[in-house]
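A short worksheet on the structure shown next.
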Amino acid sequence: MNQQILNEGIKHLVSVEPNFERFVPDHQIEFFLRPKGFKGICALVIEQQISVKAAESIKKRVFNLMESVNAESFLQLNKNLLREAGLSRPKINYLTGVAEQESSEQFSFADLEKMSDEDARKSLESMKGIGSWTADCYLMACLGRQDIWPVGDIGLQEGVRRLKDLKERPNVEDMTCLAREWRPFRSVAANLLWADYD
């Protein structure tokens with residue numbers, strides 16, 4: 001994702017869905033970006049199913065426990081410290097699992113960069129606690145893939161509801177159908193709708 005892709009994406013989206021015109025801000029939008037590797041997945045797991053504000057303060061506390069946020073440093077942390085930082089027991093277990101797989105070289109974040117979206121998604125989802133939302137967000141926010149569409153995201157569902165003037169939020173199947181013509185710029189669509197939702 002970069003400014004050129006954003007511009008091309010906006011042009012395409014407005015041509016196939018004129019309502020997008022209302023969602024194009026007159027200022028620079030803040031891309032949904034996260035670091036690559038363990039730090040990025042750590043951020044996304046923390047962000048699962050909690051408010052942006054809560055996630056930001058927990059991330060800050062968890063990241064401050066490590067000099068450098070990586071799998072090895074995470075595995076050395078005391079679980080009680082992570083709990084005190086606001087990380088739930090299941091999320092501690094998920095991140096411990098990811099960190100162990102990366103440390104033992106059963107999983108490689110670098111390998112994801114060479115894979116197709118579908119293969120990278122499957123590889124991420126093979127780890128406990130990494131569902132479709134987290135995998136999609138990793139591909140979009142950490143790897144900068146331009147055609148990712150996290151259909152289960154409530155903010156996006158609400159954005160599509162407003163875009164299409166629907167009475168209620170679309171379900172997962174509808175989200176897939178409604179965004180079909182937005183390919184190959186669904187990440188741009190997501191960033192526009194999120195920016196409006198925020």
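The way I read the labels, and the way they are meant: chains A, B, ... in the order of the structure tokens, residue 1 as the first residue of every chain, and ligand 1 as the first ligand shown, with later ones counted on from there.
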
Asn70 of chain A surroundings by only C-alpha atoms, 9 Å radius, close-in-sequence under 6 positions cut, as a list in words: Gly37, Phe38, Lys39, Cys42 and Ala99 of chain A

Within 12 Å of segment 3-17 of chain A, which residues of segment 72-188 of chain A show up? Give each one with its shortest atom-to-atom distance in Å (one decimal) and the two atoms involved, counting only C-alpha atoms, rows by chain then rising residue number, as a Markdown table.
| residue | atom | partner | partner_atom | distance |
| --- | --- | --- | --- | --- |
| A:Gly144 | CA | A:Ile5 | CA | 10.4 |
| A:Arg145 | CA | A:Ile5 | CA | 10.4 |
| A:Gln146 | CA | A:Ile5 | CA | 7.7 |
| A:Asp147 | CA | A:Gly9 | CA | 9.8 |
| A:Val160 | CA | A:Glu17 | CA | 11.4 |
| A:Leu163 | CA | A:Glu17 | CA | 9.1 |
| A:Lys164 | CA | A:Glu17 | CA | 9.2 |
| A:Leu178 | CA | A:Glu17 | CA | 10.1 |
| A:Ala179 | CA | A:Glu17 | CA | 9.6 |
| A:Arg180 | CA | A:Val16 | CA | 10.2 |
| A:Glu181 | CA | A:Val16 | CA | 6.7 |
| A:Trp182 | CA | A:Leu13 | CA | 5.9 |
| A:Arg183 | CA | A:Leu13 | CA | 8.7 |
| A:Pro184 | CA | A:Gly9 | CA | 8.1 |
| A:Phe185 | CA | A:Gly9 | CA | 5.3 |
| A:Arg186 | CA | A:Gly9 | CA | 8.2 |
| A:Ser187 | CA | A:Gly9 | CA | 8.7 |
| A:Val188 | CA | A:Gly9 | CA | 5.9 |

Top pick for closest residue to Glu100 of chain A, considering A:Met127, A:Leu65, A:Ile46, A:Leu156 and counting only C-alpha atoms: A:Met127

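By chain and then residue number, the residues within 9 Å of segment 118-125 of chain A are Phe107, Phe109, Asp111, Leu112, Glu113, Lys114, Met115, Ser116, Met127, Lys128, Gly129, Ile130, Gly131, Ser132, Thr134, Ala135, Asp136, Tyr138 and Leu139 of chain A, counting only C-alpha atoms and disregarding those fewer than 2 positions away in sequence.
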
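Put simply, atom CA of Leu75 of chain A is 23.3 Å away from atom CA of Ala54 of chain A.
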
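In terms of minimum interatomic distance to Leu192 of chain A, A:Gly159 ranks closest within A:Glu67, A:Glu173, A:Gly159, A:Asn93, counting only C-alpha atoms.
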